[in-house]
Amino acid sequence: MTVATPFVAQVITDDDIAWACGVLKLPANAFSGPDGRDPRLSILKSGESLDVEACPGSGKTTLLVAKLAILARNWNEQRRGICVLSHTNVARREIERCLGSTAEGRKLLSYPHYVGTIHGFFNQFLATPWLRSLGYPASVFDDRQCEQHRRRLLALAQYTALRNYVTPREANPRVRVVAAWHVASPDFLIVKDDDQPEFVDQGGVAARQLTSLTKTCAQDGYHRYEEVFMWSHDLLDKRPEVAAIVRQRFPMLFIDEVQDNNESQSVLIHRVFVEGARVGLRQRYGDSNQAIYGHQDEKGATSDVFPQEAIRRDVPNSHRFGESVAALANPFGLVPHGLIGLGPPKHKIQTDTTNRHAIFLFSDETVTRVLESYAVYLQETFTEQELANGLFTAVGAVHRGDVDDHVPRFVRHYWDQYDHELTANEPKPSTFFQYVAAGRKATAELGEAHQAVEKIAEGILRLVRIGARSARLSVRARKHRQIVTELDRNAELRGLYISLVAALIDESVGLDVAKWEHEWRDVVVAVGEFLANTRFNAGDIAAFLMWPAPEIGGEHVHGTRRSDNFFRYPSDDPKVQIRVGSIHSVKGETHTATLVLDTYFHDHHLQALKPWLLGQKVGKGRAGVRLQARLKQHYVAMTRPTHLLCLAMKDTFSQAETRTLRARGWRLARIGDDGVAWLE
């Protein structure tokens, strides 16, 4: 193996920083502050390994994007690049938004650099190549599709003993045995969600059938999401030199939102980029108070803890919100920063909302009036122009579920039209029309039609993976361009594809079920089959290409109702649009106003946090794991807004408690059958 060439980080100068401020349309002192003492300046210039602990609204992502832009501008390595990892594609979208039209932005988003998710990185560079070398296609990494395929296999005659084991257990609708299976080792040891083997006796008939079934599923190209990490570890176990190769390929590693790394991710990142001889440097950016994971009881990294005190740099000041929001949110931080609010920005919203932060109190009977009450309050607080310019949201910790007890258990209890499939920052659509809807959602938020175009292309490439599991079609970053290039060999089909895209992204075009079934569906299938170079089985693709149900698509797919999760008020002539979703879906975002909806997991979240609302507790103290998880999630939610913070809770406060809340800066509104009554 070639000896790794030592890597020397670029020196970032004041001229570079001035250029970055210009490109990002920021003030000249954006990173230095008015007195030149802003801690972000030294971080921006640093060419050493750092752990940056940054409070909400401190400009962390902007700082990272500026640094990446400067590095890309001066980058002269032809085969080595910068690696930027995070849980979501927030950093990538920010680069696209701020630098998409620049040469530096295009360089960052193409070879030799990588900007994307942790899962995507290990999938592309370790798991997928290794799986293919072992003879396993890597067509689908998706929990739901993998479960569906395993259930199809389970119906076969050779799995009778395993089926007899599963069926009585799944008679309880809350028990989903197959959904919990994931491959824990390269010899197909199958464990459940608690990481315990499904069978203690691996020699039993059902256990042997389970190994056979999951191995067949892998041979068919279906894998669970988390299995990427297991196969990556397997490659490193058997080919340890791969770590040095990856390190040589990516001498600079940046990790955004690092506090959300769980132990399995941190161990793998450390193993690839840190263990042994280092080639370059690692800088990690995050806020340990905002560590929210996949579920309430999941824990963070323990072997590569963030931040490491020896290389820690703090950015304590928030430019997102003012002192009133800072004072209300600060107690919810596990280790409170002592938030200092230097905002909010005044360029779009002029209204002073200092004494307007509100808690809406409701009953089981009035829970469905919460969003309307919030919308009316927004109309009373902001001008018509501010309502048009701002971003208004309502979010809850639990946004999906199928049990209707403990109202409000999840977000849909507040609004029955809520569709959790459309909410995530990184949606995982299960049908072609959900790809269309996700694209329209992104286009509506960012104002760029290419988002919808790319999602349509992504949906067609997903169809190829479903219809032709053995197809070896490598997916490129620009999926629409990839399809158009492939279709250059068939001019007629290329023209039909372009027309299809135009019809689907234009919400003014009436697209009904008849037109879909008798015209455009055939075009989608024809394009997919051309790309796969094979005919599809109609049964395999039917569910994916199904016309959306009325509550999702309506009579026509216009995108005016169920292609997004916007609550519009009034419905006949909307003046307010409120994006509804989960707390996880808005991680890293900035809103004009945020309504935090109480939801249920072992208890109602905000009800459990009443001591922190009432000023009786600050920080984690002796709180257990579950309470700490609640604090972190709601700290994230409460630090999204620039101007207005609202909560929605059941009406369980005593008169003494309502007086305490008002003294702490909250307004209180009781939602009744006749409207809202403000408690004074």
# chains A, B, ... in the order shown; residues from 1 in each chain; ligands from 1

call {"tool": "residues_around", "arguments": {"residues": "segment 245-254 of chain A", "least_positions_apart": "2", "cutoff": "10 Å", "atoms": "only C-alpha atoms", "output": "PDB file with N, CA and C atoms, in the first residue's frame"}}
result
ATOM      1  N   MET A   1       0.838  -1.201   0.000  1.00  0.00           N
ATOM      2  CA  MET A   1       0.000   0.000   0.000  1.00  0.00           C
ATOM      3  C   MET A   1       0.874   1.253   0.000  1.00  0.00           C
ATOM      4  N   THR A   2       0.478   2.250  -0.765  1.00  0.00           N
ATOM      5  CA  THR A   2       1.227   3.498  -0.839  1.00  0.00           C
ATOM      6  C   THR A   2       1.219   4.208   0.506  1.00  0.00           C
ATOM      7  N   VAL A   3       2.369   4.719   0.909  1.00  0.00           N
ATOM      8  CA  VAL A   3       2.461   5.444   2.170  1.00  0.00           C
ATOM      9  C   VAL A   3       1.675   6.742   2.059  1.00  0.00           C
ATOM     10  N   ALA A   4       0.862   7.040   3.071  1.00  0.00           N
ATOM     11  CA  ALA A   4       0.024   8.233   3.050  1.00  0.00           C
ATOM     12  C   ALA A   4       0.867   9.493   3.026  1.00  0.00           C
ATOM     13  N   THR A   5       0.509  10.396   2.137  1.00  0.00           N
ATOM     14  CA  THR A   5       1.189  11.679   2.059  1.00  0.00           C
ATOM     15  C   THR A   5       0.730  12.562   3.208  1.00  0.00           C
ATOM     16  N   PRO A   6       1.642  13.141   3.961  1.00  0.00           N
ATOM     17  CA  PRO A   6       1.231  14.032   5.059  1.00  0.00           C
ATOM     18  C   PRO A   6       0.353  15.163   4.539  1.00  0.00           C
ATOM     19  N   PHE A   7      -0.633  15.524   5.320  1.00  0.00           N
ATOM     20  CA  PHE A   7      -1.549  16.578   4.913  1.00  0.00           C
ATOM     21  C   PHE A   7      -1.323  17.813   5.776  1.00  0.00           C
ATOM     22  N   VAL A   8      -1.213  18.946   5.127  1.00  0.00           N
ATOM     23  CA  VAL A   8      -1.023  20.217   5.823  1.00  0.00           C
ATOM     24  C   VAL A   8      -2.244  21.084   5.559  1.00  0.00           C
ATOM     25  N   ALA A   9      -2.925  21.500   6.610  1.00  0.00           N
ATOM     26  CA  ALA A   9      -4.130  22.312   6.459  1.00  0.00           C
ATOM     27  C   ALA A   9      -3.788  23.687   5.906  1.00  0.00           C
ATOM     28  N   GLY A  47      -6.634  25.448  11.991  1.00  0.00           N
ATOM     29  CA  GLY A  47      -6.296  24.280  11.193  1.00  0.00           C
ATOM     30  C   GLY A  47      -5.967  23.093  12.072  1.00  0.00           C
ATOM     31  N   SER A  49      -7.406  20.106  15.159  1.00  0.00           N
ATOM     32  CA  SER A  49      -8.584  19.363  15.578  1.00  0.00           C
ATOM     33  C   SER A  49      -9.270  20.104  16.721  1.00  0.00           C
ATOM     34  N   LEU A  50     -10.603  20.267  16.602  1.00  0.00           N
ATOM     35  CA  LEU A  50     -11.377  21.023  17.588  1.00  0.00           C
ATOM     36  C   LEU A  50     -12.696  20.327  17.874  1.00  0.00           C
ATOM     37  N   LEU A  64     -19.568  26.772   9.745  1.00  0.00           N
ATOM     38  CA  LEU A  64     -19.035  25.601   9.053  1.00  0.00           C
ATOM     39  C   LEU A  64     -19.080  25.793   7.541  1.00  0.00           C
ATOM     40  N   LEU A  68     -15.923  25.754   4.962  1.00  0.00           N
ATOM     41  CA  LEU A  68     -15.882  24.830   3.828  1.00  0.00           C
ATOM     42  C   LEU A  68     -15.720  25.573   2.511  1.00  0.00           C
ATOM     43  N   ARG A  79      -7.262  14.121  -5.862  1.00  0.00           N
ATOM     44  CA  ARG A  79      -7.848  12.833  -5.510  1.00  0.00           C
ATOM     45  C   ARG A  79      -8.157  12.701  -4.024  1.00  0.00           C
ATOM     46  N   ARG A  80      -7.971  13.729  -3.284  1.00  0.00           N
ATOM     47  CA  ARG A  80      -8.308  13.747  -1.865  1.00  0.00           C
ATOM     48  C   ARG A  80      -9.278  14.889  -1.605  1.00  0.00           C
ATOM     49  N   GLY A  81     -10.212  14.643  -0.682  1.00  0.00           N
ATOM     50  CA  GLY A  81     -11.241  15.646  -0.483  1.00  0.00           C
ATOM     51  C   GLY A  81     -11.601  15.858   0.975  1.00  0.00           C
ATOM     52  N   ILE A  82     -12.545  16.753   1.180  1.00  0.00           N
ATOM     53  CA  ILE A  82     -13.092  17.073   2.494  1.00  0.00           C
ATOM     54  C   ILE A  82     -14.306  16.183   2.721  1.00  0.00           C
ATOM     55  N   CYS A  83     -14.416  15.634   3.915  1.00  0.00           N
ATOM     56  CA  CYS A  83     -15.576  14.816   4.285  1.00  0.00           C
ATOM     57  C   CYS A  83     -16.371  15.560   5.349  1.00  0.00           C
ATOM     58  N   VAL A  84     -17.652  15.776   5.087  1.00  0.00           N
ATOM     59  CA  VAL A  84     -18.547  16.458   6.024  1.00  0.00           C
ATOM     60  C   VAL A  84     -19.691  15.513   6.351  1.00  0.00           C
ATOM     61  N   LEU A  85     -19.826  15.136   7.618  1.00  0.00           N
ATOM     62  CA  LEU A  85     -20.821  14.156   8.037  1.00  0.00           C
ATOM     63  C   LEU A  85     -21.806  14.762   9.030  1.00  0.00           C
ATOM     64  N   SER A  86     -23.049  14.310   8.937  1.00  0.00           N
ATOM     65  CA  SER A  86     -24.065  14.681   9.908  1.00  0.00           C
ATOM     66  C   SER A  86     -25.165  13.640   9.861  1.00  0.00           C
ATOM     67  N   PRO A 112     -13.633  15.481  -5.424  1.00  0.00           N
ATOM     68  CA  PRO A 112     -13.343  14.374  -4.511  1.00  0.00           C
ATOM     69  C   PRO A 112     -13.949  14.516  -3.113  1.00  0.00           C
ATOM     70  N   HIS A 113     -14.872  15.479  -2.928  1.00  0.00           N
ATOM     71  CA  HIS A 113     -15.411  15.741  -1.593  1.00  0.00           C
ATOM     72  C   HIS A 113     -16.658  14.885  -1.331  1.00  0.00           C
ATOM     73  N   TYR A 114     -17.014  14.775  -0.056  1.00  0.00           N
ATOM     74  CA  TYR A 114     -18.272  14.131   0.333  1.00  0.00           C
ATOM     75  C   TYR A 114     -18.947  15.001   1.378  1.00  0.00           C
ATOM     76  N   VAL A 115     -20.189  15.392   1.105  1.00  0.00           N
ATOM     77  CA  VAL A 115     -21.004  16.126   2.073  1.00  0.00           C
ATOM     78  C   VAL A 115     -22.338  15.398   2.169  1.00  0.00           C
ATOM     79  N   PHE A 125     -19.051   4.060   0.892  1.00  0.00           N
ATOM     80  CA  PHE A 125     -17.618   3.784   0.850  1.00  0.00           C
ATOM     81  C   PHE A 125     -17.212   2.461   1.510  1.00  0.00           C
ATOM     82  N   LEU A 126     -18.066   1.902   2.377  1.00  0.00           N
ATOM     83  CA  LEU A 126     -17.682   0.665   3.047  1.00  0.00           C
ATOM     84  C   LEU A 126     -18.701  -0.450   2.839  1.00  0.00           C
ATOM     85  N   PRO A 240      -8.357  -4.413   7.624  1.00  0.00           N
ATOM     86  CA  PRO A 240      -8.087  -3.233   8.448  1.00  0.00           C
ATOM     87  C   PRO A 240      -7.379  -2.107   7.705  1.00  0.00           C
ATOM     88  N   GLU A 241      -6.717  -2.435   6.599  1.00  0.00           N
ATOM     89  CA  GLU A 241      -6.023  -1.395   5.835  1.00  0.00           C
ATOM     90  C   GLU A 241      -6.983  -0.409   5.187  1.00  0.00           C
ATOM     91  N   VAL A 242      -8.286  -0.755   5.133  1.00  0.00           N
ATOM     92  CA  VAL A 242      -9.274   0.136   4.521  1.00  0.00           C
ATOM     93  C   VAL A 242      -9.346   1.467   5.267  1.00  0.00           C
ATOM     94  N   ALA A 243      -9.195   1.435   6.594  1.00  0.00           N
ATOM     95  CA  ALA A 243      -9.265   2.680   7.372  1.00  0.00           C
ATOM     96  C   ALA A 243      -8.210   3.668   6.905  1.00  0.00           C
ATOM     97  N   ASP A 256     -20.974  17.650  11.767  1.00  0.00           N
ATOM     98  CA  ASP A 256     -21.961  18.626  12.223  1.00  0.00           C
ATOM     99  C   ASP A 256     -22.997  17.915  13.094  1.00  0.00           C
ATOM    100  N   VAL A 258     -22.761  16.837  16.060  1.00  0.00           N
ATOM    101  CA  VAL A 258     -22.084  15.635  16.560  1.00  0.00           C
ATOM    102  C   VAL A 258     -22.729  15.096  17.829  1.00  0.00           C
ATOM    103  N   ILE A 269     -16.911   5.874  13.301  1.00  0.00           N
ATOM    104  CA  ILE A 269     -16.201   7.065  12.830  1.00  0.00           C
ATOM    105  C   ILE A 269     -14.803   7.124  13.438  1.00  0.00           C
ATOM    106  N   VAL A 272     -12.444   4.561  11.821  1.00  0.00           N
ATOM    107  CA  VAL A 272     -11.991   4.884  10.465  1.00  0.00           C
ATOM    108  C   VAL A 272     -11.073   6.098  10.448  1.00  0.00           C
ATOM    109  N   PHE A 273     -11.407   7.133  11.224  1.00  0.00           N
ATOM    110  CA  PHE A 273     -10.716   8.407  11.067  1.00  0.00           C
ATOM    111  C   PHE A 273      -9.713   8.745  12.164  1.00  0.00           C
ATOM    112  N   VAL A 274      -9.767   8.048  13.296  1.00  0.00           N
ATOM    113  CA  VAL A 274      -8.954   8.486  14.430  1.00  0.00           C
ATOM    114  C   VAL A 274      -7.961   7.432  14.904  1.00  0.00           C
ATOM    115  N   ALA A 277      -2.425   5.972  13.273  1.00  0.00           N
ATOM    116  CA  ALA A 277      -1.779   7.175  12.741  1.00  0.00           C
ATOM    117  C   ALA A 277      -2.796   8.051  12.034  1.00  0.00           C
ATOM    118  N   ARG A 278      -2.790   9.333  12.358  1.00  0.00           N
ATOM    119  CA  ARG A 278      -3.692  10.286  11.725  1.00  0.00           C
ATOM    120  C   ARG A 278      -3.050  10.905  10.503  1.00  0.00           C
ATOM    121  N   VAL A 279      -3.841  11.120   9.450  1.00  0.00           N
ATOM    122  CA  VAL A 279      -3.343  11.782   8.242  1.00  0.00           C
ATOM    123  C   VAL A 279      -3.688  13.264   8.274  1.00  0.00           C
ATOM    124  N   GLY A 280      -4.894  13.604   8.678  1.00  0.00           N
ATOM    125  CA  GLY A 280      -5.326  15.001   8.633  1.00  0.00           C
ATOM    126  C   GLY A 280      -5.849  15.486   9.960  1.00  0.00           C
ATOM    127  N   LEU A 281      -7.029  16.117   9.950  1.00  0.00           N
ATOM    128  CA  LEU A 281      -7.590  16.662  11.180  1.00  0.00           C
ATOM    129  C   LEU A 281      -9.077  16.399  11.248  1.00  0.00           C
ATOM    130  N   ARG A 282      -9.634  16.515  12.455  1.00  0.00           N
ATOM    131  CA  ARG A 282     -11.062  16.343  12.682  1.00  0.00           C
ATOM    132  C   ARG A 282     -11.575  17.522  13.485  1.00  0.00           C
ATOM    133  N   GLN A 283     -12.650  18.145  12.985  1.00  0.00           N
ATOM    134  CA  GLN A 283     -13.339  19.184  13.742  1.00  0.00           C
ATOM    135  C   GLN A 283     -14.790  18.785  13.891  1.00  0.00           C
ATOM    136  N   ARG A 284     -15.279  18.832  15.134  1.00  0.00           N
ATOM    137  CA  ARG A 284     -16.661  18.439  15.430  1.00  0.00           C
ATOM    138  C   ARG A 284     -17.429  19.653  15.958  1.00  0.00           C
ATOM    139  N   TYR A 285     -18.661  19.806  15.467  1.00  0.00           N
ATOM    140  CA  TYR A 285     -19.505  20.944  15.824  1.00  0.00           C
ATOM    141  C   TYR A 285     -20.820  20.425  16.406  1.00  0.00           C
TER     142      TYR A 285
END

call {"tool": "residues_around", "arguments": {"residues": "Ala161 of chain A", "least_positions_apart": "3", "cutoff": "10 Å", "atoms": "only C-alpha atoms", "output": "list of chain:residue names"}}
result
A:Leu154, A:Ala157, A:Gln158, A:Asn164, A:Tyr165, A:Val166, A:Gly204, A:Val205, A:Ala206, A:Ala207, A:Arg208, A:Gln209, A:Leu210

call {"tool": "select_by_dssp", "arguments": {"residues": "segment 8-162 of chain A", "states": "alpha helix (DSSP H)", "output": "PDB file with C-alpha atoms, in the first residue's frame"}}
result
ATOM      1  CA  ASP A  14      -8.497  37.732   6.765  1.00  0.00           C
ATOM      2  CA  ASP A  15      -8.880  38.142   2.986  1.00  0.00           C
ATOM      3  CA  ASP A  16     -10.407  34.659   2.793  1.00  0.00           C
ATOM      4  CA  ILE A  17     -12.858  35.541   5.545  1.00  0.00           C
ATOM      5  CA  ALA A  18     -13.801  38.816   3.840  1.00  0.00           C
ATOM      6  CA  TRP A  19     -14.452  36.860   0.624  1.00  0.00           C
ATOM      7  CA  ALA A  20     -16.636  34.330   2.489  1.00  0.00           C
ATOM      8  CA  CYS A  21     -18.684  37.104   4.099  1.00  0.00           C
ATOM      9  CA  GLY A  22     -19.297  38.563   0.662  1.00  0.00           C
ATOM     10  CA  VAL A  23     -20.332  35.261  -0.904  1.00  0.00           C
ATOM     11  CA  PRO A  39     -14.987  33.217  19.450  1.00  0.00           C
ATOM     12  CA  ARG A  40     -16.075  32.095  15.997  1.00  0.00           C
ATOM     13  CA  LEU A  41     -13.160  33.943  14.384  1.00  0.00           C
ATOM     14  CA  SER A  42     -10.457  31.747  15.892  1.00  0.00           C
ATOM     15  CA  ILE A  43     -12.493  28.631  15.077  1.00  0.00           C
ATOM     16  CA  LEU A  44     -12.833  29.733  11.472  1.00  0.00           C
ATOM     17  CA  LYS A  45      -9.086  30.206  11.172  1.00  0.00           C
ATOM     18  CA  LYS A  60     -22.661  27.163  13.902  1.00  0.00           C
ATOM     19  CA  THR A  61     -23.796  25.883  10.495  1.00  0.00           C
ATOM     20  CA  THR A  62     -23.035  29.227   8.859  1.00  0.00           C
ATOM     21  CA  LEU A  63     -19.580  29.097  10.415  1.00  0.00           C
ATOM     22  CA  LEU A  64     -19.035  25.601   9.053  1.00  0.00           C
ATOM     23  CA  VAL A  65     -20.304  26.534   5.574  1.00  0.00           C
ATOM     24  CA  ALA A  66     -18.005  29.571   5.494  1.00  0.00           C
ATOM     25  CA  LYS A  67     -15.029  27.445   6.447  1.00  0.00           C
ATOM     26  CA  LEU A  68     -15.882  24.830   3.828  1.00  0.00           C
ATOM     27  CA  ALA A  69     -16.292  27.488   1.148  1.00  0.00           C
ATOM     28  CA  ILE A  70     -12.846  28.940   1.908  1.00  0.00           C
ATOM     29  CA  LEU A  71     -11.254  25.492   1.906  1.00  0.00           C
ATOM     30  CA  ALA A  72     -12.947  24.570  -1.388  1.00  0.00           C
ATOM     31  CA  ARG A  73     -11.841  27.845  -2.956  1.00  0.00           C
ATOM     32  CA  VAL A  90     -28.870  20.101   6.724  1.00  0.00           C
ATOM     33  CA  ALA A  91     -25.242  21.060   5.991  1.00  0.00           C
ATOM     34  CA  ARG A  92     -25.588  19.915   2.382  1.00  0.00           C
ATOM     35  CA  ARG A  93     -28.811  21.864   1.905  1.00  0.00           C
ATOM     36  CA  GLU A  94     -27.193  24.935   3.460  1.00  0.00           C
ATOM     37  CA  ILE A  95     -24.305  24.648   0.997  1.00  0.00           C
ATOM     38  CA  GLU A  96     -26.796  24.291  -1.851  1.00  0.00           C
ATOM     39  CA  ARG A  97     -28.758  27.310  -0.604  1.00  0.00           C
ATOM     40  CA  CYS A  98     -25.807  29.604   0.076  1.00  0.00           C
ATOM     41  CA  LEU A  99     -23.222  28.406  -2.422  1.00  0.00           C
ATOM     42  CA  ALA A 103     -17.854  27.384  -8.237  1.00  0.00           C
ATOM     43  CA  GLU A 104     -16.919  26.652  -4.617  1.00  0.00           C
ATOM     44  CA  GLY A 105     -20.343  25.189  -3.877  1.00  0.00           C
ATOM     45  CA  ARG A 106     -20.228  22.967  -6.947  1.00  0.00           C
ATOM     46  CA  LYS A 107     -16.749  21.769  -5.960  1.00  0.00           C
ATOM     47  CA  LEU A 108     -17.855  20.880  -2.428  1.00  0.00           C
ATOM     48  CA  ILE A 118     -23.122   9.372   8.292  1.00  0.00           C
ATOM     49  CA  HIS A 119     -25.269   6.503   7.062  1.00  0.00           C
ATOM     50  CA  GLY A 120     -24.815   7.542   3.433  1.00  0.00           C
ATOM     51  CA  PHE A 121     -21.042   7.767   3.808  1.00  0.00           C
ATOM     52  CA  PHE A 122     -20.570   4.305   5.272  1.00  0.00           C
ATOM     53  CA  THR A 128     -22.080  -1.476  -0.270  1.00  0.00           C
ATOM     54  CA  PRO A 129     -18.692  -2.320  -1.865  1.00  0.00           C
ATOM     55  CA  TRP A 130     -18.119  -4.986   0.801  1.00  0.00           C
ATOM     56  CA  LEU A 131     -21.579  -6.536   0.404  1.00  0.00           C
ATOM     57  CA  ARG A 132     -21.166  -6.738  -3.356  1.00  0.00           C
ATOM     58  CA  SER A 133     -17.740  -8.324  -2.985  1.00  0.00           C
ATOM     59  CA  ASP A 143     -36.428  -0.995   7.374  1.00  0.00           C
ATOM     60  CA  ARG A 144     -39.959  -1.112   6.002  1.00  0.00           C
ATOM     61  CA  GLN A 145     -39.108  -2.654   2.645  1.00  0.00           C
ATOM     62  CA  CYS A 146     -36.777  -5.142   4.290  1.00  0.00           C
ATOM     63  CA  GLU A 147     -39.534  -6.178   6.698  1.00  0.00           C
ATOM     64  CA  GLN A 148     -42.030  -6.548   3.848  1.00  0.00           C
ATOM     65  CA  HIS A 149     -39.665  -8.775   1.892  1.00  0.00           C
ATOM     66  CA  ARG A 150     -38.928 -10.906   4.945  1.00  0.00           C
ATOM     67  CA  ARG A 151     -42.670 -11.381   5.427  1.00  0.00           C
ATOM     68  CA  ARG A 152     -43.017 -12.461   1.798  1.00  0.00           C
ATOM     69  CA  LEU A 153     -40.292 -15.045   2.362  1.00  0.00           C
ATOM     70  CA  LEU A 154     -41.881 -16.127   5.655  1.00  0.00           C
ATOM     71  CA  THR A 160     -43.157 -23.279   8.470  1.00  0.00           C
ATOM     72  CA  ALA A 161     -41.484 -23.668  11.881  1.00  0.00           C
ATOM     73  CA  LEU A 162     -40.439 -20.028  11.946  1.00  0.00           C
TER      74      LEU A 162
END

call {"tool": "select_by_dssp", "arguments": {"residues": "segment 2-121 of chain A", "states": "strand (DSSP E or B)", "output": "PDB file with C-alpha atoms, in the first residue's frame"}}
result
ATOM      1  CA  LEU A  50     -11.377  21.023  17.588  1.00  0.00           C
ATOM      2  CA  ASP A  51     -14.622  20.261  19.400  1.00  0.00           C
ATOM      3  CA  VAL A  52     -16.896  23.272  19.051  1.00  0.00           C
ATOM      4  CA  GLU A  53     -19.679  23.518  21.674  1.00  0.00           C
ATOM      5  CA  ALA A  54     -22.129  26.027  20.216  1.00  0.00           C
ATOM      6  CA  ILE A  82     -13.092  17.073   2.494  1.00  0.00           C
ATOM      7  CA  CYS A  83     -15.576  14.816   4.285  1.00  0.00           C
ATOM      8  CA  VAL A  84     -18.547  16.458   6.024  1.00  0.00           C
ATOM      9  CA  LEU A  85     -20.821  14.156   8.037  1.00  0.00           C
ATOM     10  CA  SER A  86     -24.065  14.681   9.908  1.00  0.00           C
ATOM     11  CA  TYR A 114     -18.272  14.131   0.333  1.00  0.00           C
ATOM     12  CA  VAL A 115     -21.004  16.126   2.073  1.00  0.00           C
ATOM     13  CA  GLY A 116     -23.846  14.014   3.437  1.00  0.00           C
ATOM     14  CA  THR A 117     -25.148  11.756   6.148  1.00  0.00           C
TER      15      THR A 117
END

call {"tool": "residues_around", "arguments": {"residues": "Ile190 of chain A", "least_positions_apart": "5", "cutoff": "10 Å", "atoms": "only C-alpha atoms", "output": "list in words"}}
result
Ala180, Trp181, His182, Val183, Ala184, Ser185, Asp195, Gln196, Pro197, Glu198, Phe199, Gln202, Ala207, Leu210, Thr211 and Thr214 of chain A

call {"tool": "closest_residue", "arguments": {"among": "A:Val436, A:Ile12, A:Leu609, A:Ile466", "to": "Pro548 of chain A", "atoms": "only C-alpha atoms"}}
result
A:Val436

call {"tool": "closest_residue", "arguments": {"among": "A:Pro56, A:Gly338, A:Pro574, A:Gly619", "to": "Glu384 of chain A", "atoms": "only C-alpha atoms"}}
result
A:Pro574

call {"tool": "closest_residue", "arguments": {"among": "A:Lys479, A:Asn74, A:Tyr600, A:Asp352", "to": "Asp404 of chain A", "atoms": "only C-alpha atoms"}}
result
A:Tyr600

call {"tool": "atom_distance", "arguments": {"atom1": "atom CA of Lys587 of chain A", "atom2": "atom CA of Thr431 of chain A"}}
result
25.2 Å

call {"tool": "residues_around", "arguments": {"residues": "segment 386-396 of chain A", "least_positions_apart": "3", "cutoff": "8 Å", "atoms": "only C-alpha atoms", "output": "JSON, numbers by chain"}}
result
{"A": [348, 349, 371, 378, 379, 382, 383, 399, 410, 411, 575, 576, 577, 578, 579, 580, 581, 582, 583, 591, 592, 593, 594, 595, 596, 597, 598, 599, 637]}

call {"tool": "closest_residue", "arguments": {"among": "A:Trp666, A:Trp516, A:Trp612, A:Phe321", "to": "Cys646 of chain A", "atoms": "only C-alpha atoms"}}
result
A:Trp666

call {"tool": "residues_around", "arguments": {"residues": "Ile292 of chain A", "least_positions_apart": "2", "cutoff": "7 Å", "atoms": "only C-alpha atoms", "output": "NGL selection string"}}
result
:A and (260 or 290 or 629 or 632-633)

call {"tool": "residues_around", "arguments": {"residues": "Ser499 of chain A", "least_positions_apart": "6", "cutoff": "10 Å", "atoms": "only C-alpha atoms", "output": "list in words"}}
result
Leu493, Trp520 and Val523 of chain A

call {"tool": "write_last_selection", "arguments": {"atoms": "C-alpha atoms", "output": "PDB file, in the first residue's frame"}}
result
ATOM      1  CA  LEU A 493     -38.899   8.205 -24.174  1.00  0.00           C
ATOM      2  CA  TRP A 520     -48.336   8.786 -17.011  1.00  0.00           C
ATOM      3  CA  VAL A 523     -44.340   6.455 -18.838  1.00  0.00           C
TER       4      VAL A 523
END

call {"tool": "closest_residue", "arguments": {"among": "A:Ala663, A:Val367, A:Leu613, A:Ala30", "to": "Asp416 of chain A", "atoms": "only C-alpha atoms"}}
result
A:Val367

call {"tool": "residues_around", "arguments": {"residues": "Pro331 of chain A", "least_positions_apart": "3", "cutoff": "12 Å", "atoms": "only C-alpha atoms", "output": "PyMOL selection string"}}
result
chain A and resi 289+325-328+334-339+609-621+631-632+634-635+638-639+664

call {"tool": "write_last_selection", "arguments": {"atoms": "C-alpha atoms", "output": "mmCIF file, in the first residue's frame"}}
result
data_model
loop_
_atom_site.group_PDB
_atom_site.id
_atom_site.type_symbol
_atom_site.label_atom_id
_atom_site.label_comp_id
_atom_site.auth_asym_id
_atom_site.auth_seq_id
_atom_site.Cartn_x
_atom_site.Cartn_y
_atom_site.Cartn_z
ATOM 1 C CA ASN A 289 -27.752 20.080 25.275
ATOM 2 C CA VAL A 325 -36.765 33.390 24.665
ATOM 3 C CA ALA A 326 -33.304 32.730 26.134
ATOM 4 C CA ALA A 327 -34.663 33.057 29.689
ATOM 5 C CA LEU A 328 -37.578 30.686 29.040
ATOM 6 C CA LEU A 334 -29.034 19.663 30.755
ATOM 7 C CA VAL A 335 -26.040 21.859 31.497
ATOM 8 C CA PRO A 336 -27.487 25.341 30.920
ATOM 9 C CA HIS A 337 -25.288 27.610 28.827
ATOM 10 C CA GLY A 338 -26.621 30.684 30.560
ATOM 11 C CA LEU A 339 -28.055 31.580 27.167
ATOM 12 C CA LEU A 609 -41.436 19.046 32.739
ATOM 13 C CA LYS A 610 -43.684 21.351 34.802
ATOM 14 C CA PRO A 611 -41.013 21.816 37.513
ATOM 15 C CA TRP A 612 -38.697 23.350 34.924
ATOM 16 C CA LEU A 613 -41.497 25.535 33.528
ATOM 17 C CA LEU A 614 -42.325 26.759 37.022
ATOM 18 C CA GLY A 615 -38.710 27.557 37.889
ATOM 19 C CA GLN A 616 -38.464 24.825 40.523
ATOM 20 C CA LYS A 617 -35.661 23.038 38.645
ATOM 21 C CA VAL A 618 -32.859 24.058 36.303
ATOM 22 C CA GLY A 619 -30.726 21.659 34.237
ATOM 23 C CA LYS A 620 -30.601 17.880 34.599
ATOM 24 C CA GLY A 621 -29.958 17.729 38.339
ATOM 25 C CA LEU A 631 -35.407 18.004 28.484
ATOM 26 C CA LYS A 632 -33.133 17.745 25.461
ATOM 27 C CA HIS A 634 -37.933 20.281 24.341
ATOM 28 C CA TYR A 635 -34.829 22.417 24.669
ATOM 29 C CA MET A 638 -37.975 25.866 22.468
ATOM 30 C CA THR A 639 -34.814 27.282 20.872
ATOM 31 C CA ARG A 664 -41.930 34.083 34.633
#
